[in-house]
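Engineer: What follows is final-v8.cif, mmCIF, C-alpha atoms and all ligand atoms.
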data_entry
loop_
_atom_site.group_PDB
_atom_site.id
_atom_site.type_symbol
_atom_site.label_atom_id
_atom_site.label_comp_id
_atom_site.auth_asym_id
_atom_site.auth_seq_id
_atom_site.Cartn_x
_atom_site.Cartn_y
_atom_site.Cartn_z
ATOM 1 C CA MET A 270 -1.696 -24.078 0.073
ATOM 2 C CA VAL A 271 0.431 -21.042 -0.709
ATOM 3 C CA ILE A 272 -0.440 -17.743 -2.327
ATOM 4 C CA ARG A 273 2.417 -15.602 -3.617
ATOM 5 C CA ILE A 274 2.018 -11.840 -3.299
ATOM 6 C CA ALA A 275 4.320 -9.319 -4.960
ATOM 7 C CA ALA A 276 4.136 -5.779 -3.613
ATOM 8 C CA VAL A 277 5.673 -2.338 -3.955
ATOM 9 C CA GLY A 278 4.581 1.180 -3.043
ATOM 10 C CA ASP A 279 5.692 4.731 -3.667
ATOM 11 C CA VAL A 280 6.869 4.219 -7.223
ATOM 12 C CA HIS A 281 6.031 7.912 -7.870
ATOM 13 C CA LEU A 282 5.894 7.552 -11.612
ATOM 14 C CA ASP A 283 6.302 10.244 -14.182
ATOM 15 C CA LYS A 284 7.640 10.062 -17.713
ATOM 16 C CA ASP A 285 11.263 9.778 -16.591
ATOM 17 C CA VAL A 286 10.570 6.575 -14.607
ATOM 18 C CA VAL A 287 8.479 4.737 -17.222
ATOM 19 C CA GLY A 288 10.182 1.528 -18.324
ATOM 20 C CA ARG A 289 12.349 1.171 -15.235
ATOM 21 C CA PHE A 290 10.112 -1.401 -13.532
ATOM 22 C CA ARG A 291 8.807 -3.149 -16.600
ATOM 23 C CA PRO A 292 11.542 -5.790 -17.160
ATOM 24 C CA ALA A 293 11.057 -7.107 -13.612
ATOM 25 C CA LEU A 294 7.259 -6.874 -13.915
ATOM 26 C CA GLU A 295 7.303 -9.079 -17.009
ATOM 27 C CA GLU A 296 8.830 -11.834 -14.843
ATOM 28 C CA LEU A 297 6.072 -11.666 -12.212
ATOM 29 C CA PRO A 298 4.211 -14.854 -13.277
ATOM 30 C CA GLU A 299 7.283 -16.877 -12.356
ATOM 31 C CA CYS A 300 7.219 -15.796 -8.727
ATOM 32 C CA ALA A 301 3.834 -14.261 -7.855
ATOM 33 C CA ASP A 302 0.080 -14.711 -8.245
ATOM 34 C CA VAL A 303 -0.779 -11.040 -7.819
ATOM 35 C CA LEU A 304 0.866 -7.616 -7.613
ATOM 36 C CA LEU A 305 -0.261 -5.173 -4.935
ATOM 37 C CA LEU A 306 0.613 -1.459 -5.130
ATOM 38 C CA ALA A 307 0.619 0.472 -1.855
ATOM 39 C CA GLY A 308 -0.164 3.955 -3.179
ATOM 40 C CA ASP A 309 1.828 7.030 -4.221
ATOM 41 C CA LEU A 310 1.837 5.705 -7.740
ATOM 42 C CA THR A 311 2.389 9.234 -9.034
ATOM 43 C CA ARG A 312 4.265 12.341 -7.943
ATOM 44 C CA HIS A 313 1.419 14.842 -8.008
ATOM 45 C CA GLY A 314 -1.688 12.852 -8.922
ATOM 46 C CA THR A 315 -2.180 14.174 -12.434
ATOM 47 C CA GLU A 316 -4.017 12.322 -15.163
ATOM 48 C CA ALA A 317 -0.847 12.435 -17.282
ATOM 49 C CA GLU A 318 1.153 10.741 -14.541
ATOM 50 C CA ALA A 319 -1.609 8.149 -14.144
ATOM 51 C CA ARG A 320 -1.161 7.304 -17.811
ATOM 52 C CA CYS A 321 2.495 6.582 -17.024
ATOM 53 C CA VAL A 322 1.339 4.217 -14.269
ATOM 54 C CA ALA A 323 -1.050 2.539 -16.704
ATOM 55 C CA GLU A 324 1.755 2.105 -19.210
ATOM 56 C CA GLU A 325 4.115 0.632 -16.616
ATOM 57 C CA PHE A 326 1.698 -1.549 -14.623
ATOM 58 C CA GLY A 327 -1.068 -2.244 -17.139
ATOM 59 C CA GLY A 328 -1.408 -5.401 -19.209
ATOM 60 C CA LEU A 329 0.623 -7.594 -16.873
ATOM 61 C CA ALA A 330 0.135 -11.370 -16.728
ATOM 62 C CA VAL A 331 -0.954 -11.227 -13.051
ATOM 63 C CA PRO A 332 -3.805 -9.167 -11.534
ATOM 64 C CA VAL A 333 -2.782 -5.763 -10.182
ATOM 65 C CA VAL A 334 -4.582 -4.259 -7.185
ATOM 66 C CA THR A 335 -3.810 -0.843 -5.719
ATOM 67 C CA VAL A 336 -4.761 1.819 -3.232
ATOM 68 C CA LEU A 337 -3.966 5.475 -3.824
ATOM 69 C CA GLY A 338 -1.563 7.523 -1.722
ATOM 70 C CA ASN A 339 -1.501 11.134 -0.582
ATOM 71 C CA HIS A 340 0.559 12.151 -3.631
ATOM 72 C CA ASP A 341 -2.134 10.690 -5.887
ATOM 73 C CA HIS A 342 -4.554 13.223 -4.333
ATOM 74 C CA GLN A 343 -2.349 16.294 -4.751
ATOM 75 C CA CYS A 344 -3.911 17.753 -7.928
ATOM 76 C CA ASP A 345 -7.529 16.900 -7.053
ATOM 77 C CA GLN A 346 -7.812 14.623 -10.076
ATOM 78 C CA VAL A 347 -8.638 11.402 -8.226
ATOM 79 C CA PRO A 348 -11.623 10.407 -10.423
ATOM 80 C CA GLN A 349 -9.545 10.875 -13.569
ATOM 81 C CA VAL A 350 -6.585 9.000 -12.059
ATOM 82 C CA VAL A 351 -8.819 6.096 -10.987
ATOM 83 C CA LYS A 352 -10.431 5.904 -14.431
ATOM 84 C CA VAL A 353 -7.064 5.747 -16.196
ATOM 85 C CA LEU A 354 -5.897 2.988 -13.852
ATOM 86 C CA GLU A 355 -9.105 0.980 -14.125
ATOM 87 C CA ASP A 356 -9.091 1.311 -17.917
ATOM 88 C CA ALA A 357 -5.642 -0.312 -17.766
ATOM 89 C CA GLY A 358 -7.106 -3.248 -15.836
ATOM 90 C CA ILE A 359 -5.798 -2.175 -12.423
ATOM 91 C CA THR A 360 -8.235 -2.655 -9.528
ATOM 92 C CA VAL A 361 -8.345 0.442 -7.283
ATOM 93 C CA LEU A 362 -9.520 -0.144 -3.714
ATOM 94 C CA GLU A 363 -10.741 2.513 -1.287
ATOM 95 C CA GLY A 364 -12.626 1.109 1.674
ATOM 96 C CA ASN A 365 -13.600 -2.059 -0.163
ATOM 97 C CA GLY A 366 -12.153 -5.390 -1.171
ATOM 98 C CA VAL A 367 -11.714 -7.939 -3.888
ATOM 99 C CA VAL A 368 -11.324 -11.730 -3.902
ATOM 100 C CA LEU A 369 -8.985 -13.318 -6.458
ATOM 101 C CA ASP A 370 -8.914 -16.989 -7.368
ATOM 102 C CA CYS A 371 -5.267 -17.981 -7.172
ATOM 103 C CA ALA A 372 -3.734 -21.429 -7.641
ATOM 104 C CA GLY A 373 -3.204 -21.651 -3.886
ATOM 105 C CA GLY A 374 -6.721 -20.545 -2.913
ATOM 106 C CA ARG A 375 -8.975 -17.517 -2.763
ATOM 107 C CA LEU A 376 -7.041 -14.373 -1.827
ATOM 108 C CA GLY A 377 -9.054 -11.573 -0.231
ATOM 109 C CA ILE A 378 -7.575 -8.087 -0.398
ATOM 110 C CA ALA A 379 -9.124 -5.190 1.507
ATOM 111 C CA GLY A 380 -7.688 -1.765 0.803
ATOM 112 C CA VAL A 381 -7.880 1.814 1.943
ATOM 113 C CA LYS A 382 -5.521 4.767 1.636
ATOM 114 C CA GLY A 383 -5.734 5.388 5.365
ATOM 115 C CA PHE A 384 -4.685 8.595 7.076
ATOM 116 C CA GLY A 385 -2.478 10.012 9.828
ATOM 117 C CA GLY A 386 -3.242 10.478 13.480
ATOM 118 C CA GLY A 387 -0.417 8.760 15.297
ATOM 119 C CA PHE A 388 -0.087 5.828 17.626
ATOM 120 C CA ALA A 389 -1.096 4.845 21.125
ATOM 121 C CA GLY A 390 -0.058 7.443 23.667
ATOM 122 C CA ARG A 391 1.130 9.848 20.962
ATOM 123 C CA CYS A 392 -1.926 10.438 18.842
ATOM 124 C CA ALA A 393 -4.366 13.112 17.787
ATOM 125 C CA SER A 394 -7.617 13.200 19.742
ATOM 126 C CA ASP A 395 -11.162 14.070 18.802
ATOM 127 C CA PHE A 396 -11.189 17.241 20.917
ATOM 128 C CA GLY A 397 -11.270 21.008 20.479
ATOM 129 C CA GLU A 398 -11.357 22.781 17.146
ATOM 130 C CA PRO A 399 -13.567 21.525 14.314
ATOM 131 C CA GLU A 400 -10.461 21.106 12.150
ATOM 132 C CA MET A 401 -8.957 18.717 14.699
ATOM 133 C CA LYS A 402 -12.192 16.782 14.971
ATOM 134 C CA ALA A 403 -12.365 16.537 11.168
ATOM 135 C CA PHE A 404 -8.785 15.231 11.067
ATOM 136 C CA VAL A 405 -9.495 12.478 13.593
ATOM 137 C CA ARG A 406 -12.866 11.712 12.020
ATOM 138 C CA THR A 407 -11.114 11.124 8.686
ATOM 139 C CA THR A 408 -8.725 8.715 10.403
ATOM 140 C CA ASN A 409 -11.500 6.867 12.201
ATOM 141 C CA GLU A 410 -13.745 6.575 9.165
ATOM 142 C CA SER A 411 -10.894 5.298 7.027
ATOM 143 C CA ALA A 412 -10.015 2.608 9.558
ATOM 144 C CA GLU A 413 -13.657 1.633 10.011
ATOM 145 C CA ARG A 414 -14.050 1.128 6.271
ATOM 146 C CA LEU A 415 -10.912 -1.035 6.200
ATOM 147 C CA GLY A 416 -12.179 -3.160 9.098
ATOM 148 C CA THR A 417 -15.603 -3.596 7.534
ATOM 149 C CA ALA A 418 -14.051 -4.598 4.200
ATOM 150 C CA LEU A 419 -11.668 -7.080 5.850
ATOM 151 C CA ARG A 420 -14.464 -8.745 7.821
ATOM 152 C CA SER A 421 -16.756 -8.969 4.796
ATOM 153 C CA LEU A 422 -14.487 -10.943 2.449
ATOM 154 C CA ASP A 423 -15.154 -14.650 1.899
ATOM 155 C CA CYS A 424 -11.707 -16.059 1.162
ATOM 156 C CA ASP A 425 -8.956 -18.469 2.235
ATOM 157 C CA MET A 426 -6.277 -15.845 2.922
ATOM 158 C CA LEU A 427 -6.780 -12.220 3.851
ATOM 159 C CA VAL A 428 -4.442 -9.291 3.135
ATOM 160 C CA ALA A 429 -4.791 -5.632 4.131
ATOM 161 C CA LEU A 430 -3.418 -3.013 1.741
ATOM 162 C CA THR A 431 -2.957 0.610 2.857
ATOM 163 C CA HIS A 432 -0.780 3.583 2.041
ATOM 164 C CA TYR A 433 -0.463 4.926 5.580
ATOM 165 C CA SER A 434 1.096 2.677 8.200
ATOM 166 C CA PRO A 435 -0.952 0.732 10.763
ATOM 167 C CA VAL A 436 1.955 0.440 13.217
ATOM 168 C CA PRO A 437 4.937 2.529 14.374
ATOM 169 C CA ASP A 438 7.398 -0.387 13.945
ATOM 170 C CA THR A 439 7.803 0.133 10.201
ATOM 171 C CA LEU A 440 8.380 3.880 10.657
ATOM 172 C CA ALA A 441 11.682 3.371 12.465
ATOM 173 C CA GLY A 442 14.170 5.614 10.668
ATOM 174 C CA GLU A 443 11.675 8.427 10.119
ATOM 175 C CA PRO A 444 11.788 11.461 12.448
ATOM 176 C CA LEU A 445 9.598 10.813 15.501
ATOM 177 C CA GLU A 446 8.013 14.236 15.018
ATOM 178 C CA ILE A 447 6.285 13.157 11.797
ATOM 179 C CA TYR A 448 4.952 9.760 12.950
ATOM 180 C CA PRO A 449 1.416 11.227 13.348
ATOM 181 C CA PHE A 450 1.486 12.089 9.627
ATOM 182 C CA LEU A 451 2.680 8.648 8.563
ATOM 183 C CA GLY A 452 -0.009 6.428 9.991
ATOM 184 C CA SER A 453 -2.478 5.683 12.742
ATOM 185 C CA TYR A 454 -3.150 2.980 15.321
ATOM 186 C CA GLN A 455 -6.781 2.756 14.199
ATOM 187 C CA LEU A 456 -5.625 1.015 10.982
ATOM 188 C CA GLY A 457 -3.869 -1.570 13.149
ATOM 189 C CA GLN A 458 -7.034 -2.123 15.168
ATOM 190 C CA ALA A 459 -8.982 -2.648 11.935
ATOM 191 C CA ILE A 460 -6.421 -5.183 10.701
ATOM 192 C CA ASP A 461 -6.616 -7.025 14.028
ATOM 193 C CA SER A 462 -10.425 -7.136 13.851
ATOM 194 C CA ALA A 463 -10.237 -9.793 11.109
ATOM 195 C CA PRO A 464 -8.136 -12.924 10.492
ATOM 196 C CA THR A 465 -5.636 -10.915 8.457
ATOM 197 C CA ALA A 466 -2.539 -12.842 7.342
ATOM 198 C CA LEU A 467 -0.465 -9.914 6.092
ATOM 199 C CA ALA A 468 -0.672 -6.108 6.084
ATOM 200 C CA LEU A 469 1.188 -4.110 3.434
ATOM 201 C CA HIS A 470 1.733 -0.345 3.360
ATOM 202 C CA GLY A 471 3.996 2.358 1.936
ATOM 203 C CA HIS A 472 4.385 6.122 2.551
ATOM 204 C CA ALA A 473 7.331 5.897 4.978
ATOM 205 C CA HIS A 474 10.275 6.189 2.573
ATOM 206 C CA ALA A 475 12.840 6.303 5.350
ATOM 207 C CA GLY A 476 11.130 3.631 7.430
ATOM 208 C CA THR A 477 11.816 -0.029 8.095
ATOM 209 C CA GLU A 478 10.490 -3.076 6.310
ATOM 210 C CA ARG A 479 9.147 -5.250 9.134
ATOM 211 C CA GLY A 480 6.603 -4.774 11.877
ATOM 212 C CA THR A 481 3.737 -6.458 13.704
ATOM 213 C CA THR A 482 0.313 -5.269 14.826
ATOM 214 C CA PRO A 483 -0.622 -5.570 18.508
ATOM 215 C CA GLY A 484 -2.655 -8.621 17.464
ATOM 216 C CA GLY A 485 0.348 -10.300 15.846
ATOM 217 C CA VAL A 486 -0.313 -9.656 12.158
ATOM 218 C CA ARG A 487 2.798 -9.342 9.968
ATOM 219 C CA VAL A 488 3.192 -5.776 8.648
ATOM 220 C CA ARG A 489 5.524 -4.937 5.791
ATOM 221 C CA ASN A 490 6.496 -1.474 4.550
ATOM 222 C CA VAL A 491 6.938 -2.002 0.810
ATOM 223 C CA ALA A 492 7.771 1.593 -0.114
ATOM 224 C CA HIS A 493 10.177 1.395 -3.038
ATOM 225 C CA PRO A 494 12.923 3.410 -1.284
ATOM 226 C CA VAL A 495 12.727 0.882 1.592
ATOM 227 C CA ILE A 496 12.728 -2.389 -0.356
ATOM 228 C CA LYS A 497 15.094 -0.976 -3.009
ATOM 229 C CA GLN A 498 13.882 -3.314 -5.741
ATOM 230 C CA ALA A 499 10.983 -3.539 -8.170
ATOM 231 C CA TYR A 500 8.883 -5.530 -5.688
ATOM 232 C CA SER A 501 9.135 -7.919 -2.784
ATOM 233 C CA VAL A 502 7.351 -11.269 -2.755
ATOM 234 C CA PHE A 503 5.499 -12.615 0.275
ATOM 235 C CA HIS A 504 4.052 -16.072 0.724
ATOM 236 C CA VAL A 505 0.876 -16.556 2.711
ATOM 237 C CA GLY A 506 -0.450 -20.015 3.377
ATOM 238 C CA ASP A 507 -1.340 -22.695 5.862
ATOM 239 C CA GLN A 508 2.150 -23.518 6.970
ATOM 240 C CA LEU A 509 4.286 -20.737 5.617
ATOM 241 C CA ASP A 510 5.257 -17.601 7.432
ATOM 242 C CA THR A 511 8.227 -16.459 5.463
ATOM 243 C CA ASP A 512 9.039 -13.499 3.290
ATOM 244 C CA GLN A 513 10.733 -14.239 0.061
ATOM 245 C CA VAL A 514 12.555 -11.333 -1.434
ATOM 246 C CA SER A 515 12.394 -11.306 -5.182
ATOM 247 C CA PRO A 516 15.792 -12.116 -6.652
ATOM 248 C CA ILE A 517 14.948 -10.109 -9.710
ATOM 249 C CA GLY A 518 14.164 -6.545 -10.437
ATOM 250 C CA GLN A 519 16.903 -4.363 -9.075
ATOM 251 C CA SER A 520 14.870 -1.642 -10.638
ATOM 252 C CA GLY A 521 14.400 1.967 -9.820
ATOM 253 C CA SER A 522 16.573 4.378 -7.963
ATOM 254 C CA GLN A 523 16.888 4.953 -4.268
ATOM 255 C CA ARG A 524 15.813 8.559 -4.457
ATOM 256 C CA SER A 525 14.106 9.757 -1.323
ATOM 257 C CA TRP A 526 10.699 10.569 -2.695
ATOM 258 C CA SER A 527 8.108 11.316 -0.073
HETATM 259 FE FE FE B 1 2.806 9.026 0.740
HETATM 260 FE FE FE B 2 5.577 8.267 -1.226
#
Kindly return the structure encoded in the file as structure tokens.
Structural biologist:
Amino acid sequence: MVIRIAAVGDVHLDKDVVGRFRPALEELPECADVLLLAGDLTRHGTEAEARCVAEEFGGLAVPVVTVLGNHDHQCDQVPQVVKVLEDAGITVLEGNGVVLDCAGGRLGIAGVKGFGGGFAGRCASDFGEPEMKAFVRTTNESAERLGTALRSLDCDMLVALTHYSPVPDTLAGEPLEIYPFLGSYQLGQAIDSAPTALALHGHAHAGTERGTTPGGVRVRNVAHPVIKQAYSVFHVGDQLDTDQVSPIGQSGSQRSWS
């Protein structure tokens, strides 16, 4: 039993990018059962940019599931952005999950944007000023919602989808000083609290593709500037533990969007 998952993050669409991914996306049914988007779909989170995302990723022959990224929050138009995406048939997750019936079984996907905070021994703490407590509370609440969603799904294979990273491994290449703004260990704890098969994230454009949670879950940074192609394909299943990189879709530039 194998489920094939295509994924990409940080496509940062605006009018000038529309059409760049589409030829590879049209070939998705040949290699994947679902497409997951790891946030930062837009540059500044405007409704107009969301329409570009809908045009590029809407109406595909496989289900599309996404979380939002920090860029998608920039213009405070999240409700409008979500509506445009959902009207295009894209499922937007934030602290919840969805189960898809794929040929290889029922795929459960739990998603949350996540937040910063840092990693064990180098992290923000719930101490001092109210602003600091609010920062850490946001991190904790986000991770708790991811964990609850992961543990609630009735499925054969479980995948976690976030924008921020759950581990420091996939940040290698980014300046150490900004690790606390790229992810948090609490997301990793949430992923390890359920029988998660694969964790996908974006956000770290200068990071590294592969990592592992303390509990041994495969983590993959699928930010477009990292994978340098339209999407990567991962297989999850009873006996498979391999990544298969899509041979198609050398799409998009390698610009260092953040
Ligand atoms: Fe981001
Ligand atoms: Fe990004």
Engineer: Take the PyMOL selection byres (((not hetatm)) within 6 of (chain B and resi 1)), run it mentally on this structure, and tell me the resulting residues as a PyMOL selection string.
Structural biologist: chain A and resi 309+338-340+472+527
Engineer: Go ahead and save the picked residues with C-alpha atoms, as a PDB file, keeping the file's coordinate frame.
Structural biologist:
ATOM      1  CA  ASP A 309       1.828   7.030  -4.221  1.00  0.00           C
ATOM      2  CA  GLY A 338      -1.563   7.523  -1.722  1.00  0.00           C
ATOM      3  CA  ASN A 339      -1.501  11.134  -0.582  1.00  0.00           C
ATOM      4  CA  HIS A 340       0.559  12.151  -3.631  1.00  0.00           C
ATOM      5  CA  HIS A 472       4.385   6.122   2.551  1.00  0.00           C
ATOM      6  CA  SER A 527       8.108  11.316  -0.073  1.00  0.00           C
TER       7      SER A 527
END
Engineer: Take the PyMOL selection byres (((not hetatm)) within 9 of (chain B and resi 2)), run it mentally on this structure, and tell me the resulting residues as a compact mmCIF listing (two decimals) with C-alpha atoms, in the coordinates of the input.
Structural biologist:
# COMPACT_ATOMS: atom_id res chain seq x y z
CA GLY A 278 4.58 1.18 -3.04
CA ASP A 279 5.69 4.73 -3.67
CA VAL A 280 6.87 4.22 -7.22
CA HIS A 281 6.03 7.91 -7.87
CA GLY A 308 -0.16 3.96 -3.18
CA ASP A 309 1.83 7.03 -4.22
CA LEU A 310 1.84 5.70 -7.74
CA THR A 311 2.39 9.23 -9.03
CA ARG A 312 4.26 12.34 -7.94
CA GLY A 338 -1.56 7.52 -1.72
CA ASN A 339 -1.50 11.13 -0.58
CA HIS A 340 0.56 12.15 -3.63
CA HIS A 432 -0.78 3.58 2.04
CA GLY A 471 4.00 2.36 1.94
CA HIS A 472 4.38 6.12 2.55
CA ALA A 473 7.33 5.90 4.98
CA HIS A 474 10.28 6.19 2.57
CA ALA A 492 7.77 1.59 -0.11
CA HIS A 493 10.18 1.40 -3.04
CA PRO A 494 12.92 3.41 -1.28
CA SER A 525 14.11 9.76 -1.32
CA TRP A 526 10.70 10.57 -2.70
CA SER A 527 8.11 11.32 -0.07
Engineer: At a cut-off of 8 Å around the point (-3.7, -9.5, -12.3) (file coordinates), what residues fall inside when counting all atoms listed in the file? I'd like the answer as a PDB file with C-alpha atoms, in the frame of the given file.
Structural biologist:
ATOM      1  CA  ASP A 302       0.080 -14.711  -8.245  1.00  0.00           C
ATOM      2  CA  VAL A 303      -0.779 -11.040  -7.819  1.00  0.00           C
ATOM      3  CA  LEU A 304       0.866  -7.616  -7.613  1.00  0.00           C
ATOM      4  CA  LEU A 329       0.623  -7.594 -16.873  1.00  0.00           C
ATOM      5  CA  ALA A 330       0.135 -11.370 -16.728  1.00  0.00           C
ATOM      6  CA  VAL A 331      -0.954 -11.227 -13.051  1.00  0.00           C
ATOM      7  CA  PRO A 332      -3.805  -9.167 -11.534  1.00  0.00           C
ATOM      8  CA  VAL A 333      -2.782  -5.763 -10.182  1.00  0.00           C
ATOM      9  CA  VAL A 334      -4.582  -4.259  -7.185  1.00  0.00           C
ATOM     10  CA  GLY A 358      -7.106  -3.248 -15.836  1.00  0.00           C
ATOM     11  CA  ILE A 359      -5.798  -2.175 -12.423  1.00  0.00           C
TER      12      ILE A 359
END
Engineer: Could you expand the PyMOL selection byres (((chain A and resi 429) around 6) and not hetatm) into the explicit residues it covers here, written as a list in words?
Structural biologist: Ile378, Ala379, Gly380, Val428, Leu430 and Ala468 of chain A
Engineer: Find, counting only C-alpha atoms, the residue in A:Ala459, A:Leu451, A:Val405, A:Ala466 that gets nearest to Cys424 in chain A.
Structural biologist: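 Closest candidate: A:Ala466.
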Engineer: Could I get range 417-430 of chain A from the block written as a compact mmCIF listing (two decimals), in the first residue's frame, with N, CA, C and O atoms?
Structural biologist:
# COMPACT_ATOMS: atom_id res chain seq x y z
N THR A 417 -3.30 17.87 18.38
CA THR A 417 -4.69 17.41 18.53
C THR A 417 -5.25 16.94 17.19
O THR A 417 -5.90 15.90 17.10
N ALA A 418 -4.97 17.70 16.13
CA ALA A 418 -5.47 17.32 14.80
C ALA A 418 -4.85 16.00 14.35
O ALA A 418 -5.54 15.12 13.83
N LEU A 419 -3.54 15.86 14.55
CA LEU A 419 -2.86 14.62 14.14
C LEU A 419 -3.46 13.40 14.84
O LEU A 419 -3.70 12.36 14.23
N ARG A 420 -3.70 13.55 16.15
CA ARG A 420 -4.17 12.40 16.94
C ARG A 420 -5.64 12.08 16.69
O ARG A 420 -6.12 11.01 17.05
N SER A 421 -6.36 13.03 16.06
CA SER A 421 -7.80 12.83 15.88
C SER A 421 -8.15 12.15 14.55
O SER A 421 -9.29 11.72 14.36
N LEU A 422 -7.19 12.07 13.62
CA LEU A 422 -7.53 11.59 12.28
C LEU A 422 -7.58 10.06 12.21
O LEU A 422 -6.67 9.39 12.69
N ASP A 423 -8.63 9.54 11.61
CA ASP A 423 -8.80 8.11 11.41
C ASP A 423 -8.35 7.79 9.98
O ASP A 423 -9.08 8.09 9.03
N CYS A 424 -7.15 7.25 9.84
CA CYS A 424 -6.59 7.07 8.50
C CYS A 424 -5.56 5.95 8.51
O CYS A 424 -5.20 5.43 9.56
N ASP A 425 -5.04 5.63 7.32
CA ASP A 425 -4.01 4.59 7.19
C ASP A 425 -2.61 5.19 7.26
O ASP A 425 -1.68 4.55 7.74
N MET A 426 -2.45 6.40 6.74
CA MET A 426 -1.16 7.08 6.74
C MET A 426 -1.37 8.53 7.16
O MET A 426 -2.33 9.17 6.72
N LEU A 427 -0.45 9.02 7.97
CA LEU A 427 -0.63 10.34 8.57
C LEU A 427 0.53 11.27 8.18
O LEU A 427 1.70 10.91 8.32
N VAL A 428 0.17 12.46 7.70
CA VAL A 428 1.17 13.45 7.29
C VAL A 428 0.90 14.77 8.01
O VAL A 428 -0.25 15.18 8.15
N ALA A 429 1.97 15.41 8.47
CA ALA A 429 1.87 16.74 9.09
C ALA A 429 2.34 17.79 8.09
O ALA A 429 3.40 17.62 7.47
N LEU A 430 1.57 18.85 7.96
CA LEU A 430 1.89 19.92 7.01
C LEU A 430 1.97 21.24 7.77
O LEU A 430 0.99 21.66 8.40
